[in-house]
Structure formats: C-alpha cells, structure tokens
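K.L.:
What follows is start_13.txt; its format and atoms are compact mmCIF, C-alpha atoms.
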```
# COMPACT_ATOMS: atom_id res chain seq x y z
CA MET A 22 46.13 -41.71 -2.65
CA LYS A 23 44.24 -44.42 -0.84
CA GLU A 24 41.25 -45.99 -2.56
CA LYS A 25 37.96 -44.38 -1.54
CA GLY A 26 36.82 -47.60 0.11
CA ASN A 27 39.86 -47.48 2.42
CA LEU A 28 39.23 -43.92 3.64
CA ASN A 29 37.77 -43.25 7.04
CA GLU A 30 34.55 -41.22 7.48
CA LYS A 31 36.30 -37.84 7.96
CA GLN A 32 38.42 -38.34 4.84
CA GLN A 33 35.39 -39.37 2.77
CA ALA A 34 33.46 -36.29 3.99
CA PHE A 35 36.40 -34.05 3.11
CA ILE A 36 36.61 -35.42 -0.44
CA LYS A 37 32.85 -35.09 -0.86
CA ARG A 38 33.01 -31.40 0.09
CA LYS A 39 35.87 -30.83 -2.30
CA ASN A 40 34.03 -32.49 -5.15
CA SER A 41 30.93 -30.38 -4.44
CA THR A 42 33.02 -27.19 -4.48
CA LEU A 43 34.64 -28.16 -7.79
CA ALA A 44 31.23 -28.96 -9.27
CA ARG A 45 29.90 -25.52 -8.32
CA ILE A 46 32.96 -23.81 -9.79
CA ASN A 47 32.67 -25.71 -13.06
CA ASN A 48 28.89 -25.24 -13.26
CA PRO A 49 28.01 -21.80 -11.84
CA PHE A 50 24.36 -20.95 -11.31
CA PRO A 51 23.00 -18.77 -14.14
CA ARG A 52 22.16 -15.21 -13.18
CA PRO A 53 18.40 -14.68 -13.42
CA ASN A 54 17.23 -12.02 -15.87
CA MET A 55 13.88 -11.63 -14.09
CA PRO A 56 13.13 -10.85 -10.42
CA LEU A 57 13.01 -13.90 -8.19
CA TYR A 58 9.41 -13.15 -7.26
CA GLN A 59 6.95 -14.49 -9.85
CA GLY A 60 3.29 -13.74 -9.21
CA GLN A 61 0.20 -14.71 -11.17
CA SER A 62 -0.72 -12.04 -13.70
CA ASN A 63 -4.46 -12.49 -13.14
CA ILE A 64 -4.17 -11.85 -9.38
CA LEU A 65 -4.07 -8.11 -8.63
CA VAL A 66 -4.07 -6.11 -5.40
CA GLY A 67 -6.14 -2.95 -5.75
CA VAL A 68 -5.48 -0.16 -3.23
CA SER A 69 -8.14 2.54 -2.98
CA LEU A 70 -7.30 5.79 -1.15
CA GLY A 71 -9.82 7.93 0.69
CA LEU A 72 -10.28 10.68 3.25
CA GLU A 73 -11.79 8.89 6.22
CA LYS A 74 -10.10 5.57 5.37
CA PRO A 75 -6.66 6.36 3.89
CA ALA A 76 -6.17 2.89 2.36
CA THR A 77 -8.42 -0.09 1.59
CA VAL A 78 -7.24 -3.21 -0.25
CA ALA A 79 -8.93 -5.83 -2.43
CA VAL A 80 -7.13 -8.93 -3.73
CA VAL A 81 -8.87 -9.86 -6.98
CA ASP A 82 -8.71 -12.70 -9.46
CA ALA A 83 -9.42 -10.43 -12.43
CA MET A 84 -9.95 -13.37 -14.78
CA THR A 85 -13.05 -14.46 -12.86
CA GLY A 86 -13.88 -11.21 -11.04
CA GLN A 87 -13.71 -13.03 -7.70
CA VAL A 88 -12.46 -11.11 -4.67
CA LEU A 89 -10.02 -13.29 -2.74
CA ALA A 90 -9.62 -10.93 0.23
CA TYR A 91 -10.43 -7.48 1.52
CA ARG A 92 -8.32 -5.56 4.01
CA SER A 93 -9.43 -2.42 5.85
CA ILE A 94 -7.03 0.20 7.19
CA ARG A 95 -7.47 -1.31 10.66
CA GLN A 96 -6.60 -4.79 9.39
CA LEU A 97 -3.61 -3.52 7.44
CA LEU A 98 -2.11 -1.80 10.48
CA GLY A 99 -3.16 -4.39 13.06
CA GLU A 100 -1.86 -3.50 16.52
CA ASN A 101 -0.31 -0.34 15.05
CA TYR A 102 -3.73 1.10 14.18
CA LYS A 103 -3.51 3.31 17.28
CA LEU A 104 -0.68 5.19 15.54
CA LEU A 105 -3.13 6.34 12.89
CA ASN A 106 -5.36 7.91 15.54
CA ARG A 107 -2.32 9.51 17.17
CA GLN A 108 -1.26 11.00 13.83
CA ARG A 109 -4.79 12.31 13.28
CA GLN A 110 -4.75 13.98 16.71
CA ASP A 111 -1.33 15.52 15.98
CA GLN A 112 -2.60 16.99 12.71
CA GLN A 113 -5.72 18.43 14.33
CA ARG A 114 -3.62 19.93 17.12
CA ASN A 115 -1.19 21.51 14.65
CA SER A 116 -4.06 22.77 12.51
CA SER A 117 -5.58 24.49 15.54
CA LYS A 118 -2.21 26.05 16.42
CA ARG A 119 -1.78 27.36 12.88
CA HIS A 120 -5.29 28.83 12.89
CA ASN A 121 -4.73 30.63 16.21
CA ALA A 122 -1.31 31.88 15.09
CA GLN A 123 -2.77 33.26 11.84
CA ARG A 124 -5.45 35.15 13.77
CA GLN A 125 -2.76 36.71 15.95
CA GLY A 126 -0.38 37.41 13.05
CA ALA A 127 2.28 35.17 14.60
CA PRO A 128 4.54 32.64 12.80
CA ASN A 129 2.51 29.54 12.00
CA GLN A 130 5.00 26.96 10.72
CA PHE A 131 3.97 23.92 12.74
CA GLY A 132 5.51 20.93 10.98
CA GLU A 133 4.33 17.34 11.18
CA SER A 134 6.27 14.64 12.99
CA ASN A 135 7.76 11.58 11.29
CA LEU A 136 4.86 9.50 12.56
CA GLY A 137 2.91 9.80 9.29
CA GLU A 138 5.91 8.63 7.29
CA TYR A 139 6.33 5.66 9.64
CA VAL A 140 2.67 4.68 9.29
CA ASP A 141 3.06 4.88 5.50
CA ARG A 142 5.91 2.39 5.67
CA LEU A 143 3.84 0.06 7.83
CA LEU A 144 0.94 0.25 5.37
CA ALA A 145 3.21 -0.33 2.39
CA LYS A 146 4.83 -3.33 4.07
CA SER A 147 1.44 -4.84 4.88
CA ILE A 148 0.20 -4.34 1.31
CA VAL A 149 3.32 -5.91 -0.21
CA THR A 150 3.15 -8.83 2.24
CA LEU A 151 -0.49 -9.41 1.30
CA ALA A 152 0.42 -9.38 -2.39
CA LYS A 153 3.11 -11.99 -1.82
CA THR A 154 0.77 -14.14 0.28
CA TYR A 155 -1.70 -14.37 -2.60
CA HIS A 156 1.05 -14.57 -5.26
CA ALA A 157 -0.30 -11.42 -6.89
CA GLY A 158 1.28 -10.36 -10.15
CA SER A 159 0.89 -6.65 -9.42
CA ILE A 160 -0.30 -3.95 -7.05
CA VAL A 161 -2.66 -1.35 -8.53
CA LEU A 162 -2.62 2.22 -7.19
CA PRO A 163 -4.88 5.12 -8.19
CA LYS A 164 -3.54 8.19 -9.95
CA LEU A 165 -3.03 11.09 -7.56
CA GLY A 166 -5.36 13.40 -9.49
CA ASP A 167 -8.11 10.79 -9.29
CA VAL A 168 -7.62 10.52 -5.53
CA ARG A 169 -8.24 14.25 -5.07
CA GLU A 170 -11.34 14.06 -7.26
CA SER A 171 -12.59 11.00 -5.39
CA ILE A 172 -12.09 12.70 -2.01
CA GLN A 173 -13.98 15.78 -3.18
CA SER A 174 -16.84 13.53 -4.29
CA GLU A 175 -16.74 11.73 -0.92
CA VAL A 176 -16.98 15.00 1.01
CA GLN A 177 -19.75 16.37 -1.22
CA ALA A 178 -21.83 13.20 -0.87
CA ARG A 179 -21.60 13.39 2.92
CA ALA A 180 -22.50 17.08 2.92
CA GLU A 181 -25.57 16.50 0.71
CA GLN A 182 -26.69 13.63 2.92
CA LYS A 183 -26.23 15.68 6.08
CA CYS A 184 -27.72 18.93 4.79
CA PRO A 185 -30.10 18.19 1.89
CA GLU A 186 -31.05 21.17 -0.30
CA LEU A 187 -29.08 23.62 1.88
CA ILE A 188 -26.13 24.73 -0.24
CA GLU A 189 -24.51 27.04 2.31
CA ALA A 190 -24.90 24.49 5.08
CA GLN A 191 -23.32 21.87 2.82
CA LYS A 192 -20.28 24.10 2.26
CA ASN A 193 -19.84 24.65 6.00
CA TYR A 194 -20.27 20.97 6.77
CA ALA A 195 -17.78 19.98 4.06
CA LYS A 196 -15.20 22.39 5.50
CA GLN A 197 -15.68 21.05 9.03
CA TYR A 198 -15.63 17.44 7.85
CA ARG A 199 -12.31 17.87 6.02
CA SER A 200 -10.70 19.26 9.17
CA SER A 201 -12.14 16.55 11.42
CA VAL A 202 -10.90 13.50 9.49
CA HIS A 203 -7.43 12.32 8.62
CA ASN A 204 -5.64 14.49 6.04
CA TRP A 205 -3.18 12.02 4.60
CA SER A 206 -0.17 12.57 2.32
CA TYR A 207 -1.30 10.29 -0.48
CA SER A 208 1.72 10.99 -2.67
CA ARG A 209 3.99 9.88 0.16
CA LEU A 210 1.97 6.71 0.70
CA ILE A 211 2.04 5.92 -3.03
CA GLU A 212 5.82 6.41 -3.13
CA SER A 213 6.27 4.14 -0.12
CA VAL A 214 4.23 1.34 -1.73
CA GLN A 215 6.12 1.75 -5.01
CA SER A 216 9.47 1.59 -3.22
CA GLN A 217 8.72 -1.52 -1.17
CA ALA A 218 7.05 -3.28 -4.10
CA ALA A 219 10.14 -2.65 -6.25
CA GLN A 220 12.35 -4.18 -3.56
CA ALA A 221 10.12 -7.27 -3.51
CA GLY A 222 10.10 -7.51 -7.32
CA ILE A 223 6.36 -6.82 -7.61
CA ILE A 224 5.02 -4.74 -10.49
CA VAL A 225 3.04 -1.58 -9.65
CA GLU A 226 0.30 -0.44 -12.01
CA GLN A 227 -1.95 2.60 -12.01
CA ALA A 228 -5.65 2.80 -12.82
CA ARG A 229 -8.54 5.24 -12.44
CA GLN A 230 -10.24 5.24 -9.04
CA ALA A 231 -14.04 5.39 -9.16
CA LEU A 232 -15.75 8.46 -7.70
CA VAL A 233 -18.61 6.55 -6.10
CA GLY A 234 -18.94 3.31 -4.17
CA SER A 235 -17.52 1.91 -0.96
CA PRO A 236 -13.73 1.83 -0.40
CA GLN A 237 -13.87 -1.94 -0.98
CA ASP A 238 -15.70 -1.48 -4.31
CA LYS A 239 -13.22 1.18 -5.41
CA ALA A 240 -10.28 -1.12 -4.63
CA ARG A 241 -11.90 -3.97 -6.56
CA TYR A 242 -12.66 -1.76 -9.57
CA LEU A 243 -9.06 -0.53 -9.59
CA ALA A 244 -7.76 -4.08 -9.98
CA ILE A 245 -10.28 -5.01 -12.67
CA ASP A 246 -9.71 -1.76 -14.58
CA ALA A 247 -5.94 -2.34 -14.64
CA TYR A 248 -6.44 -5.90 -15.91
CA ASN A 249 -8.87 -4.79 -18.63
CA SER A 250 -6.43 -2.08 -19.73
CA ARG A 251 -3.81 -4.78 -20.25
CA LEU A 252 -6.18 -6.80 -22.43
CA GLN A 253 -7.06 -3.74 -24.53
CA ALA A 254 -3.38 -2.97 -25.00
CA ILE A 255 -2.83 -6.47 -26.39
CA ILE A 256 -5.74 -6.09 -28.83
```
Would you kindly transcribe this structure into structure tokens?
P.N.:
Amino acid sequence: MKEKGNLNEKQQAFIKRKNSTLARINNPFPRPNMPLYQGQSNILVGVSLGLEKPATVAVVDAMTGQVLAYRSIRQLLGENYKLLNRQRQDQQRNSSKRHNAQRQGAPNQFGESNLGEYVDRLLAKSIVTLAKTYHAGSIVLPKLGDVRESIQSEVQARAEQKCPELIEAQKNYAKQYRSSVHNWSYSRLIESVQSQAAQAGIIVEQARQALVGSPQDKARYLAIDAYNSRLQAII
C-alpha cells in the first residue's frame, strides 16, 4: 500500500472512515443502566388536581422551598385551551340528554367523545416538557382518593360562601355547581402523565393533596410533601 503521505484526499478520507469504524467495533459504547434523562432530585413538579381547574403545576426547589414556576391549566394547554371548553360543553350536553332520557324512561347511554382523552395527552405532554425544561428529578401526583376528598372540600367551601348558614341551600348549590363545571376523569389524566413520564425517563411520585388552599398552593405542597417523605424514609 502507498504511504499515507502519498495518498490523495479521497483515499485519506476513506482510510480515516475505516479506522473510525474499526475503533467503534473494538470499543463499543457501554449500555447505560440508568435512563438517559437525569434530573435534579431537589427539583420536583407538583401537579394539583381540582374541579374547576383540572390541573395546576408548581415547579419547586424543595431544598430551599422556592417556587421556580407556576403553570395554570390555560398555560399548560396554550392555544389548545379552547378544547377544554369544548369538552366541558360536550359533557354538559350529554348530561342534559341523560337527564331527559331518564325522565322519559328511554335509554340514556350517551358516551363521551375521545376529546377528553386527547386533552389529557396534551396536558401530560406539557407537564413532562416542563419537568425536562427545569431538569426536575420527579413529577408528583396526588392520590386519587385525596383528589375526590379535595374536590368535595372545594365544593363545600363554595357552597358555604354562597349560602352561609343555609344547609339546604348549600346542598342545592353544591349539586348545581358540580354539574356546571368540568367533570374530569382524573384517573385517566394520572395514567397519561405516568405513561409519558415513563417514556421520558422521569420518576413519578405520589403525595397527599391538601384540602384547602389555592390550586397553586396545593401543587407546591405536593412537591414539598413528597420531598420530605423521602428524607423521612432515609432517617
């Protein structure tokens, strides 16, 4: 073979590619044992769930207690927020149809469209993207039982504020309020977040959602509670 110094540019490039290929074969990259995504364990994304506002997010540095960012349901969905209102209208329309059908003794199986499932995926994607943006170590979701309890507390607080000291009026208001706001499938939303977080290699934790406070406060407390639970487990 000619000496390397006597080769033209194409021949030198060819040999360089060959040498690189041989080097990769002889020294293969090690397979990682951990997910490629590596977040900071003290940065957590708390996701509170509610009746009027299905999802609210707080990005928290749990070591200092500082909130790095809040995201409302409108901010999470962005230009797709109109789909949430459309889904709400669909549910109210179907609820009215079921009520009328029950009064007439007619079949009342009015199923929901796939719109709610699609909005869940959009929300989950936005939450996971936010977690990656802030290099969060985990996403914290409330337990489903706590969500139901929190929603009941939310409705009761509104009823007491609207109709103080009038128990029967509070019951009627609570019933009307539940039917007028968005009735979300929280289990489906939780599953969607868990699925997309797993694909991104982000850990999902669960913590207890507070019964009182704003959606932002509840999201923040979720993150801090999950972090404190870790510390207690170590002790």
K.L.:
Taking into account all atoms listed in the file, which residue in the set A:Asn135, A:Ser235, A:Ser69, A:Ser250 is nearest to A:Lys164?
P.N.:
A:Ser69
K.L.:
From the options A:Asn101, A:Ser159, A:Asn106, A:Asn63, which residue's atoms come nearest to A:Thr85, counting all atoms listed in the file?
P.N.:
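Between A:Asn101, A:Ser159, A:Asn106, A:Asn63, the residue approaching A:Thr85 most closely is A:Asn63.
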K.L.:
So how far away is atom CA of A:Leu104 from atom CA of A:Val225, in Å?
P.N.:
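Value for the atom CA of A:Val225-atom CA of A:Leu104 distance: 26.3 Å.
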K.L.:
Which of these residues is nearest to A:Ala145, using only C-alpha atoms: A:Asp238, A:Glu73, A:Glu212, A:Asp246?
P.N.:
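With only C-alpha atoms as the atom set, the closest residue is A:Glu212.
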K.L.:
Just to confirm, what's the straight-line distance from atom CA of A:Val81 to atom CA of A:Arg251 in Å (one decimal)?
P.N.:
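Atom CA of A:Arg251 lies at a distance of 15.1 Å from atom CA of A:Val81.
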